[in-house]
$ cat input06.cif   # mmCIF, C-alpha atoms and all ligand atoms
data_input
#
loop_
_atom_site.label_atom_id
_atom_site.label_comp_id
_atom_site.auth_asym_id
_atom_site.auth_seq_id
_atom_site.Cartn_x
_atom_site.Cartn_y
_atom_site.Cartn_z
CA MET A 1 93.87 103.53 90.89
CA THR A 2 94.05 107.20 90.21
CA GLY A 3 97.40 108.82 89.64
CA LEU A 4 98.37 112.42 90.20
CA GLY A 5 99.02 112.56 86.47
CA ASP A 6 95.26 113.19 86.22
CA VAL A 7 95.54 116.48 88.13
CA ASP A 8 94.58 119.63 86.25
CA SER A 9 96.38 122.50 87.97
CA SER A 10 95.14 125.11 85.48
CA VAL A 11 91.57 125.26 86.82
CA PRO A 12 90.72 126.24 90.41
CA ASN A 13 89.70 123.08 92.21
CA VAL A 14 87.02 123.18 94.91
CA ALA A 15 88.76 120.62 97.14
CA ARG A 16 91.99 122.59 97.08
CA MET A 17 90.23 125.96 97.57
CA TYR A 18 88.62 124.48 100.69
CA ASP A 19 92.05 123.21 101.79
CA TYR A 20 93.34 126.78 101.45
CA TYR A 21 90.46 128.17 103.57
CA LEU A 22 91.43 125.64 106.26
CA GLY A 23 95.08 126.69 106.17
CA GLY A 24 96.30 123.58 104.33
CA TYR A 25 99.12 123.18 101.84
CA HIS A 26 97.54 120.92 99.22
CA ASN A 27 96.74 123.73 96.81
CA PHE A 28 98.18 125.40 93.74
CA ALA A 29 98.49 129.09 92.79
CA VAL A 30 95.32 128.91 90.69
CA ASP A 31 93.37 127.57 93.71
CA ARG A 32 94.78 130.24 96.03
CA GLU A 33 93.92 133.03 93.57
CA ALA A 34 90.30 131.88 93.31
CA ALA A 35 90.08 131.36 97.07
CA GLU A 36 91.43 134.87 97.67
CA LYS A 37 88.64 136.26 95.47
CA ILE A 38 86.12 134.49 97.71
CA LEU A 39 87.86 135.82 100.82
CA ALA A 40 87.57 139.35 99.43
CA ILE A 41 83.80 138.86 99.17
CA PHE A 42 83.24 136.68 102.25
CA PRO A 43 86.15 137.25 104.68
CA ASP A 44 84.67 134.87 107.26
CA THR A 45 84.95 131.87 104.91
CA PRO A 46 87.84 130.24 106.88
CA ALA A 47 85.76 130.41 110.08
CA ALA A 48 82.79 128.97 108.20
CA ALA A 49 84.97 126.13 106.87
CA ARG A 50 86.12 125.36 110.42
CA THR A 51 82.49 125.41 111.62
CA ASN A 52 81.66 122.93 108.87
CA ARG A 53 84.50 120.64 109.99
CA ARG A 54 83.32 120.80 113.59
CA PHE A 55 79.77 119.91 112.47
CA LEU A 56 81.16 116.84 110.68
CA GLN A 57 83.16 115.81 113.74
CA ARG A 58 80.26 116.27 116.18
CA ALA A 59 77.89 114.34 113.91
CA VAL A 60 80.32 111.43 113.50
CA ARG A 61 81.10 111.40 117.22
CA HIS A 62 77.37 111.30 117.99
CA LEU A 63 76.75 108.42 115.56
CA ALA A 64 79.78 106.47 116.80
CA GLN A 65 78.56 106.86 120.39
CA ALA A 66 75.11 105.70 119.24
CA GLY A 67 76.68 102.48 117.94
CA VAL A 68 77.09 103.16 114.20
CA ARG A 69 80.07 101.09 113.01
CA GLN A 70 80.24 101.93 109.27
CA PHE A 71 80.77 105.30 107.59
CA LEU A 72 80.68 106.18 103.89
CA ASP A 73 82.17 109.68 103.60
CA ILE A 74 81.42 111.04 100.13
CA GLY A 75 83.37 114.18 99.24
CA THR A 76 86.14 113.58 101.76
CA GLY A 77 88.30 116.52 100.70
CA LEU A 78 91.86 117.21 101.84
CA PRO A 79 91.76 117.95 105.58
CA THR A 80 94.74 116.48 107.39
CA GLN A 81 93.24 116.15 110.87
CA GLY A 82 89.90 115.60 112.58
CA ASN A 83 88.93 113.10 109.91
CA VAL A 84 86.15 110.56 110.17
CA HIS A 85 88.40 107.58 110.94
CA GLU A 86 89.79 109.52 113.89
CA MET A 87 86.28 109.98 115.36
CA THR A 88 85.35 106.28 115.21
CA ASP A 89 87.07 102.93 115.43
CA GLY A 90 84.50 101.48 113.00
CA LYS A 91 84.89 100.92 109.26
CA VAL A 92 85.28 103.98 107.06
CA VAL A 93 85.26 104.44 103.30
CA TYR A 94 86.46 107.75 101.93
CA VAL A 95 85.17 108.74 98.49
CA ASP A 96 86.17 111.70 96.35
CA ASN A 97 86.32 112.42 92.64
CA ASP A 98 89.43 114.59 92.98
CA PRO A 99 92.66 112.60 92.50
CA VAL A 100 94.61 114.83 94.90
CA ALA A 101 92.02 114.27 97.66
CA VAL A 102 92.09 110.52 96.97
CA ALA A 103 95.90 110.38 97.09
CA GLN A 104 95.93 112.41 100.31
CA ALA A 105 93.34 110.13 101.93
CA ARG A 106 95.32 107.04 100.88
CA SER A 107 98.52 108.40 102.38
CA LEU A 108 96.70 109.30 105.63
CA VAL A 109 95.23 105.85 106.16
CA ASP A 110 98.01 103.71 104.73
CA GLY A 111 98.14 100.44 106.67
CA LEU A 112 94.77 100.87 108.42
CA ASP A 113 92.68 97.86 107.41
CA ARG A 114 89.42 99.33 108.65
CA VAL A 115 89.67 102.30 106.24
CA SER A 116 89.32 102.18 102.47
CA VAL A 117 89.50 104.95 99.84
CA ALA A 118 87.59 105.07 96.56
CA CYS A 119 87.93 107.45 93.63
CA ALA A 120 84.30 107.74 92.60
CA ASP A 121 81.68 110.32 91.73
CA LEU A 122 78.48 110.96 93.65
CA ARG A 123 76.75 111.68 90.34
CA ASP A 124 77.20 108.01 89.38
CA PRO A 125 75.86 106.18 92.45
CA GLU A 126 75.79 102.78 90.72
CA ALA A 127 79.52 102.94 90.01
CA LEU A 128 80.17 104.33 93.48
CA LEU A 129 78.31 101.44 95.17
CA ALA A 130 79.97 98.89 92.89
CA ASP A 131 83.49 100.22 93.48
CA PRO A 132 85.42 97.41 95.23
CA HIS A 133 86.74 99.86 97.82
CA VAL A 134 83.10 100.42 98.82
CA ALA A 135 81.36 97.13 98.03
CA GLU A 136 84.02 94.87 99.55
CA HIS A 137 84.62 97.02 102.62
CA LEU A 138 81.13 97.82 103.89
CA ASP A 139 78.34 95.42 104.83
CA PHE A 140 75.18 96.98 103.42
CA THR A 141 72.98 94.55 105.37
CA GLU A 142 74.10 96.50 108.49
CA PRO A 143 73.56 100.24 109.14
CA VAL A 144 75.86 102.66 107.32
CA ALA A 145 76.17 106.39 107.98
CA VAL A 146 76.35 108.14 104.61
CA LEU A 147 78.12 111.48 104.95
CA MET A 148 77.59 114.20 102.38
CA VAL A 149 79.29 117.07 104.11
CA SER A 150 79.82 120.17 102.01
CA ILE A 151 79.48 118.28 98.71
CA LEU A 152 75.83 118.54 97.62
CA HIS A 153 76.18 122.23 96.74
CA PHE A 154 78.51 121.04 93.97
CA VAL A 155 75.72 118.90 92.52
CA PRO A 156 73.40 121.00 90.33
CA ASP A 157 69.65 120.45 90.13
CA GLU A 158 70.14 118.98 86.61
CA ALA A 159 72.06 116.09 88.25
CA HIS A 160 69.02 115.43 90.49
CA PRO A 161 70.70 115.32 93.92
CA GLY A 162 67.51 113.99 95.52
CA ASP A 163 67.57 110.95 93.22
CA LEU A 164 71.27 110.33 93.93
CA ILE A 165 70.63 110.38 97.68
CA ALA A 166 67.59 108.13 97.28
CA ARG A 167 69.67 105.57 95.35
CA LEU A 168 72.18 105.42 98.22
CA ARG A 169 69.37 105.44 100.80
CA ASP A 170 67.74 102.44 99.10
CA ALA A 171 71.07 100.56 99.21
CA THR A 172 71.33 100.93 102.99
CA ALA A 173 69.68 99.02 105.83
CA PRO A 174 67.22 100.41 108.40
CA GLY A 175 69.14 102.19 111.16
CA SER A 176 71.40 103.85 108.58
CA HIS A 177 71.93 107.61 108.69
CA LEU A 178 72.41 110.54 106.33
CA VAL A 179 74.61 113.45 107.42
CA VAL A 180 74.37 116.57 105.28
CA SER A 181 75.92 119.99 105.45
CA HIS A 182 75.01 122.31 102.62
CA LEU A 183 75.89 125.86 101.59
CA THR A 184 73.07 128.37 101.48
CA LEU A 185 72.84 131.95 100.32
CA ASP A 186 69.74 132.50 102.47
CA GLY A 187 70.04 136.04 103.83
CA VAL A 188 73.04 136.98 101.64
CA PRO A 189 72.52 140.15 99.56
CA ALA A 190 72.29 139.62 95.80
CA ALA A 191 75.57 141.34 94.79
CA PRO A 192 78.01 139.29 96.94
CA ALA A 193 75.98 136.15 96.27
CA ALA A 194 76.36 136.64 92.51
CA ALA A 195 80.05 137.56 92.80
CA GLY A 196 80.79 134.41 94.83
CA GLN A 197 78.97 132.19 92.37
CA GLN A 198 80.88 133.81 89.50
CA VAL A 199 84.21 132.77 91.08
CA TYR A 200 83.06 129.16 91.46
CA ARG A 201 81.68 129.14 87.91
CA GLN A 202 85.33 129.21 86.75
CA SER A 203 86.25 126.30 89.07
CA SER A 204 86.12 122.50 88.86
CA ALA A 205 82.57 122.50 90.29
CA PRO A 206 80.20 125.48 90.05
CA LEU A 207 78.11 126.17 93.13
CA ALA A 208 74.50 125.16 93.63
CA PRO A 209 73.59 126.82 96.94
CA ARG A 210 70.10 125.92 98.18
CA THR A 211 67.44 127.28 100.48
CA LYS A 212 66.69 125.65 103.81
CA ALA A 213 63.49 124.14 102.39
CA ALA A 214 65.34 122.66 99.39
CA ILE A 215 68.00 121.17 101.68
CA ALA A 216 65.34 119.73 104.00
CA ALA A 217 63.78 117.99 100.98
CA LEU A 218 67.05 116.09 100.42
CA PHE A 219 66.28 114.13 103.63
CA ASP A 220 63.28 112.47 101.96
CA GLY A 221 62.71 109.08 103.62
CA TYR A 222 64.82 109.97 106.67
CA GLU A 223 63.66 111.17 110.08
CA LEU A 224 65.72 114.17 111.21
CA LEU A 225 67.38 113.83 114.62
CA GLU A 226 67.19 116.73 117.06
CA PRO A 227 67.73 119.64 116.61
CA GLY A 228 66.63 119.13 112.98
CA LEU A 229 68.11 121.05 110.06
CA VAL A 230 69.86 124.08 111.57
CA TRP A 231 72.75 126.45 110.98
CA LEU A 232 75.90 124.31 111.14
CA GLY A 233 77.14 125.92 114.32
CA ASP A 234 73.82 125.19 116.05
CA TRP A 235 73.94 121.40 115.58
CA ARG A 236 74.73 120.13 119.10
CA PRO A 237 77.64 122.58 119.58
CA ASP A 238 80.40 121.97 122.10
CA ASP A 239 81.56 124.76 124.39
CA GLY A 240 83.88 127.08 122.51
CA ASP A 241 82.87 126.01 119.00
CA GLU A 242 82.83 128.79 116.42
CA GLN A 243 79.43 129.95 115.23
CA VAL A 244 80.14 131.29 111.72
CA SER A 245 77.81 129.24 109.52
CA HIS A 246 77.51 129.52 105.75
CA GLY A 247 75.19 126.56 105.58
CA TYR A 248 72.71 124.24 107.22
CA GLY A 249 73.36 120.81 108.65
CA GLY A 250 71.33 117.88 109.82
CA VAL A 251 71.43 114.16 110.54
CA GLY A 252 68.62 111.85 109.45
CA VAL A 253 67.94 108.25 110.42
CA LEU A 254 66.37 105.63 108.17
CA ARG A 255 63.64 103.85 110.09
CA GLY A 256 62.47 100.33 109.26
CA ARG A 257 60.67 99.93 105.93
C1 LIG B 301 84.35 121.43 100.37
S1 LIG B 301 85.08 119.84 100.24
C2 LIG B 301 84.37 119.04 101.67
C3 LIG B 301 85.34 118.16 102.40
C4 LIG B 301 84.78 117.51 103.65
N1 LIG B 301 83.61 116.70 103.37
C5 LIG B 301 84.40 118.56 104.67
O1 LIG B 301 83.23 118.94 104.71
O2 LIG B 301 85.27 119.02 105.41
C6 LIG B 301 84.10 119.11 98.94
C7 LIG B 301 84.69 117.81 98.40
O3 LIG B 301 83.72 117.18 97.56
C8 LIG B 301 84.39 116.66 96.44
N2 LIG B 301 83.39 116.53 95.37
C9 LIG B 301 82.73 117.51 94.70
N3 LIG B 301 81.88 116.99 93.81
C10 LIG B 301 81.99 115.64 93.91
C11 LIG B 301 81.36 114.55 93.26
N4 LIG B 301 80.44 114.76 92.31
N5 LIG B 301 81.70 113.28 93.61
C12 LIG B 301 82.65 113.07 94.56
N6 LIG B 301 83.29 114.07 95.23
C13 LIG B 301 82.96 115.34 94.90
C14 LIG B 301 85.47 117.65 96.13
O4 LIG B 301 86.51 117.09 95.36
C15 LIG B 301 85.92 118.03 97.53
O5 LIG B 301 86.96 117.19 97.98
#
$ encode --input "input06.cif" --output "structure tokens" --more "lines below"
Ligand SMILES: C[S@@+](CC[C@H](N)C(=O)[O-])C[C@H]1O[C@@H](n2cnc3c(N)ncnc32)[C@H](O)[C@@H]1O
Amino acid sequence: MTGLGDVDSSVPNVARMYDYYLGGYHNFAVDREAAEKILAIFPDTPAAARTNRRFLQRAVRHLAQAGVRQFLDIGTGLPTQGNVHEMTDGKVVYVDNDPVAVAQARSLVDGLDRVSVACADLRDPEALLADPHVAEHLDFTEPVAVLMVSILHFVPDEAHPGDLIARLRDATAPGSHLVVSHLTLDGVPAAPAAAGQQVYRQSSAPLAPRTKAAIAALFDGYELLEPGLVWLGDWRPDDGDEQVSHGYGGVGVLRGR
């Protein structure tokens, strides 16, 4: 178990900055100050965060309708509505390495047997897979949708994100999926790009934005579903969805090996 005694409220935390962009209340002054610096550089960040949430929801809805019954959502964050377990009646495991996000997820799903919450770190996939909240809740002989939505840009190249994804891929059965949304600075002028990265350098998780080609490479071993890797707002949008995208998104399927 992780207690809120582990919370460091002196350093801006990326989960709580994201919560602030989405209009939430699970953030401290230090998070709001850092988030406001980002808003001064990129004022459309709240719209981009909402677009990211809608991508997640459309992807999960699509997979649920296609018959996927198990979801491993790594980097769950703090959102209070439109969460994965509300898009499916299948099994869901929420995973985050932030104790506030874990506590929030546990309070949201209290009493729901089909949902489990693990405090684990994507950078240690062995421990993540062995965590009882994961290992005892999901059946890895059946397809699992692994969600890495707006988390991989907090994993630097030195942590080898491709290897981490491959470890999880190799633990899942054919018919499993990988859902990724990922921040890019493609097309962003150098000065605001550097200023934004400087803000996150002082946070709990510095940014590792990637190019479209680098993000596509993370789907190694998966076959991308239509429309491929696209701006988040362009992935099977519903009428009325916002179109402010700060990243790319895609859904891959693991074919038989
Ligand atoms: C921007 S939020 C995304 C929340 C949600 N997936 C969404 O897209 O709406 C990123 C989340 O990833 C979590 N995170 C960052 N690095 C992580 C890591 N190495 N392992 C587990 N969680 C991590 C943060 O704590 C935060 O809750």
$ closest_residue --input "input06.cif" --among "A:Val92, A:Val144, A:Val100, A:Val60" --to "Ser176 (chain A)" --atoms "all atoms listed in the file"
A:Val144
$ closest_residue --input "input06.cif" --among "A:Arg53, A:Arg58, A:His133, A:His182" --to "Lys91 (chain A)" --atoms "all atoms listed in the file"
A:His133
$ residues_near_ligand --input "input06.cif" --ligand "ligand LIG 301 (chain B)" --cutoff "7 Å" --atoms "only C-alpha atoms and all ligand atoms" --output "list in words"
Val14, Ala15, Tyr18, Asn52, Arg53, Leu56, Ile74, Gly75, Thr76, Gly77, Leu78, Pro79, Val95, Asp96, Asn97, Asp98, Ala101, Ala120, Asp121, Leu122, Arg123, Met148, Val149, Ser150, Ile151, Phe154, Val155 and Ala205 of chain A
$ write_last_selection --input "input06.cif" --atoms "C-alpha atoms" --output "tab-separated table (two decimals), keeping the file's coordinate frame"
chain	number	residue	atom	x	y	z
A	14	VAL	CA	87.02	123.18	94.91
A	15	ALA	CA	88.76	120.62	97.14
A	18	TYR	CA	88.62	124.48	100.69
A	52	ASN	CA	81.66	122.93	108.87
A	53	ARG	CA	84.50	120.64	109.99
A	56	LEU	CA	81.16	116.84	110.68
A	74	ILE	CA	81.42	111.04	100.13
A	75	GLY	CA	83.37	114.18	99.24
A	76	THR	CA	86.14	113.58	101.76
A	77	GLY	CA	88.30	116.52	100.70
A	78	LEU	CA	91.86	117.21	101.84
A	79	PRO	CA	91.76	117.95	105.58
A	95	VAL	CA	85.17	108.74	98.49
A	96	ASP	CA	86.17	111.70	96.35
A	97	ASN	CA	86.32	112.42	92.64
A	98	ASP	CA	89.43	114.59	92.98
A	101	ALA	CA	92.02	114.27	97.66
A	120	ALA	CA	84.30	107.74	92.60
A	121	ASP	CA	81.68	110.32	91.73
A	122	LEU	CA	78.48	110.96	93.65
A	123	ARG	CA	76.75	111.68	90.34
A	148	MET	CA	77.59	114.20	102.38
A	149	VAL	CA	79.29	117.07	104.11
A	150	SER	CA	79.82	120.17	102.01
A	151	ILE	CA	79.48	118.28	98.71
A	154	PHE	CA	78.51	121.04	93.97
A	155	VAL	CA	75.72	118.90	92.52
A	205	ALA	CA	82.57	122.50	90.29
$ closest_residue --input "input06.cif" --among "A:Gly196, A:Pro209, A:Pro132, A:Pro174" --to "Arg255 (chain A)" --atoms "only C-alpha atoms"
A:Pro174
$ atom_distance --input "input06.cif" --atom1 "CA of Phe42 (chain A)" --atom2 "CA of Pro161 (chain A)"
26.1 Å
$ closest_residue --input "input06.cif" --among "A:Ala66, A:Ala213, A:Glu158, A:Thr88" --to "Val253 (chain A)" --atoms "all atoms listed in the file"
A:Ala66
$ residues_around --input "input06.cif" --residues "region 214-219 of chain A" --least-positions-apart "4" --cutoff "8 Å" --atoms "only C-alpha atoms" --output "mmCIF file with C-alpha atoms, in the frame of the given file"
data_model
loop_
_atom_site.group_PDB
_atom_site.id
_atom_site.type_symbol
_atom_site.label_atom_id
_atom_site.label_comp_id
_atom_site.auth_asym_id
_atom_site.auth_seq_id
_atom_site.Cartn_x
_atom_site.Cartn_y
_atom_site.Cartn_z
ATOM 1 C CA PRO A 161 70.700 115.320 93.920
ATOM 2 C CA GLY A 162 67.510 113.990 95.520
ATOM 3 C CA ILE A 165 70.630 110.380 97.680
ATOM 4 C CA LEU A 178 72.410 110.540 106.330
ATOM 5 C CA HIS A 182 75.010 122.310 102.620
ATOM 6 C CA ARG A 210 70.100 125.920 98.180
ATOM 7 C CA GLU A 223 63.660 111.170 110.080
ATOM 8 C CA LEU A 224 65.720 114.170 111.210
ATOM 9 C CA LEU A 229 68.110 121.050 110.060
ATOM 10 C CA TYR A 248 72.710 124.240 107.220
ATOM 11 C CA GLY A 252 68.620 111.850 109.450
#
$ closest_residue --input "input06.cif" --among "A:Gly228, A:Gly24, A:Pro143, A:Pro237" --to "Val180 (chain A)" --atoms "all atoms listed in the file"
A:Gly228
$ atom_distance --input "input06.cif" --atom1 "CA of Pro125 (chain A)" --atom2 "CA of Leu207 (chain A)"
20.1 Å
$ atom_distance --input "input06.cif" --atom1 "CA of Met87 (chain A)" --atom2 "CA of Leu164 (chain A)"
26.2 Å
$ residues_near_point --input "input06.cif" --point "(77.5, 113.0, 119.4)" --cutoff "12 Å" --atoms "all atoms listed in the file" --output "CSV table (one decimal) with C-alpha atoms, keeping the file's coordinate frame"
chain,number,residue,atom,x,y,z
A,54,ARG,CA,83.3,120.8,113.6
A,55,PHE,CA,79.8,119.9,112.5
A,56,LEU,CA,81.2,116.8,110.7
A,57,GLN,CA,83.2,115.8,113.7
A,58,ARG,CA,80.3,116.3,116.2
A,59,ALA,CA,77.9,114.3,113.9
A,60,VAL,CA,80.3,111.4,113.5
A,61,ARG,CA,81.1,111.4,117.2
A,62,HIS,CA,77.4,111.3,118.0
A,63,LEU,CA,76.8,108.4,115.6
A,64,ALA,CA,79.8,106.5,116.8
A,65,GLN,CA,78.6,106.9,120.4
A,66,ALA,CA,75.1,105.7,119.2
A,67,GLY,CA,76.7,102.5,117.9
A,68,VAL,CA,77.1,103.2,114.2
A,87,MET,CA,86.3,110.0,115.4
A,88,THR,CA,85.4,106.3,115.2
A,225,LEU,CA,67.4,113.8,114.6
A,226,GLU,CA,67.2,116.7,117.1
A,235,TRP,CA,73.9,121.4,115.6
A,236,ARG,CA,74.7,120.1,119.1
A,237,PRO,CA,77.6,122.6,119.6
A,238,ASP,CA,80.4,122.0,122.1
A,251,VAL,CA,71.4,114.2,110.5
$ residues_around --input "input06.cif" --residues "Ile41 (chain A)" --least-positions-apart "5" --cutoff "9 Å" --atoms "only C-alpha atoms" --output "compact mmCIF listing (two decimals) with C-alpha atoms, in the frame of the given file"
# COMPACT_ATOMS: atom_id res chain seq x y z
CA GLU A 36 91.43 134.87 97.67
CA PRO A 192 78.01 139.29 96.94
CA ALA A 193 75.98 136.15 96.27
CA ALA A 195 80.05 137.56 92.80
CA GLY A 196 80.79 134.41 94.83
$ residues_around --input "input06.cif" --residues "Asp113 (chain A)" --least-positions-apart "4" --cutoff "12 Å" --atoms "all atoms listed in the file" --output "compact mmCIF listing (two decimals) with C-alpha atoms, in the coordinates of the input"
# COMPACT_ATOMS: atom_id res chain seq x y z
CA HIS A 85 88.40 107.58 110.94
CA ASP A 89 87.07 102.93 115.43
CA GLY A 90 84.50 101.48 113.00
CA LYS A 91 84.89 100.92 109.26
CA VAL A 92 85.28 103.98 107.06
CA VAL A 93 85.26 104.44 103.30
CA ARG A 106 95.32 107.04 100.88
CA VAL A 109 95.23 105.85 106.16
CA VAL A 117 89.50 104.95 99.84
CA HIS A 133 86.74 99.86 97.82
CA HIS A 137 84.62 97.02 102.62
$ closest_atom_pairs --input "input06.cif" --of "region 30-73 of chain A" --to "region 241-246 of chain A" --cutoff "8 Å" --atoms "only C-alpha atoms" --output "Markdown table"
| residue | atom | partner | partner_atom | distance |
| --- | --- | --- | --- | --- |
| A:Asp44 | CA | A:Val244 | CA | 7.3 |
| A:Thr45 | CA | A:His246 | CA | 7.8 |
| A:Ala47 | CA | A:Val244 | CA | 5.9 |
| A:Ala48 | CA | A:Val244 | CA | 5.0 |
| A:Arg50 | CA | A:Glu242 | CA | 7.7 |
| A:Thr51 | CA | A:Glu242 | CA | 5.9 |
| A:Asn52 | CA | A:Ser245 | CA | 7.4 |
| A:Arg54 | CA | A:Asp241 | CA | 7.5 |
$ closest_residue --input "input06.cif" --among "A:Val7, A:Ala166, A:Ala49, A:Leu183" --to "Val230 (chain A)" --atoms "all atoms listed in the file"
A:Leu183
$ residues_around --input "input06.cif" --residues "Ala29 (chain A)" --least-positions-apart "2" --cutoff "10 Å" --atoms "all atoms listed in the file" --output "PyMOL selection string"
chain A and resi 9-12+27+31-35
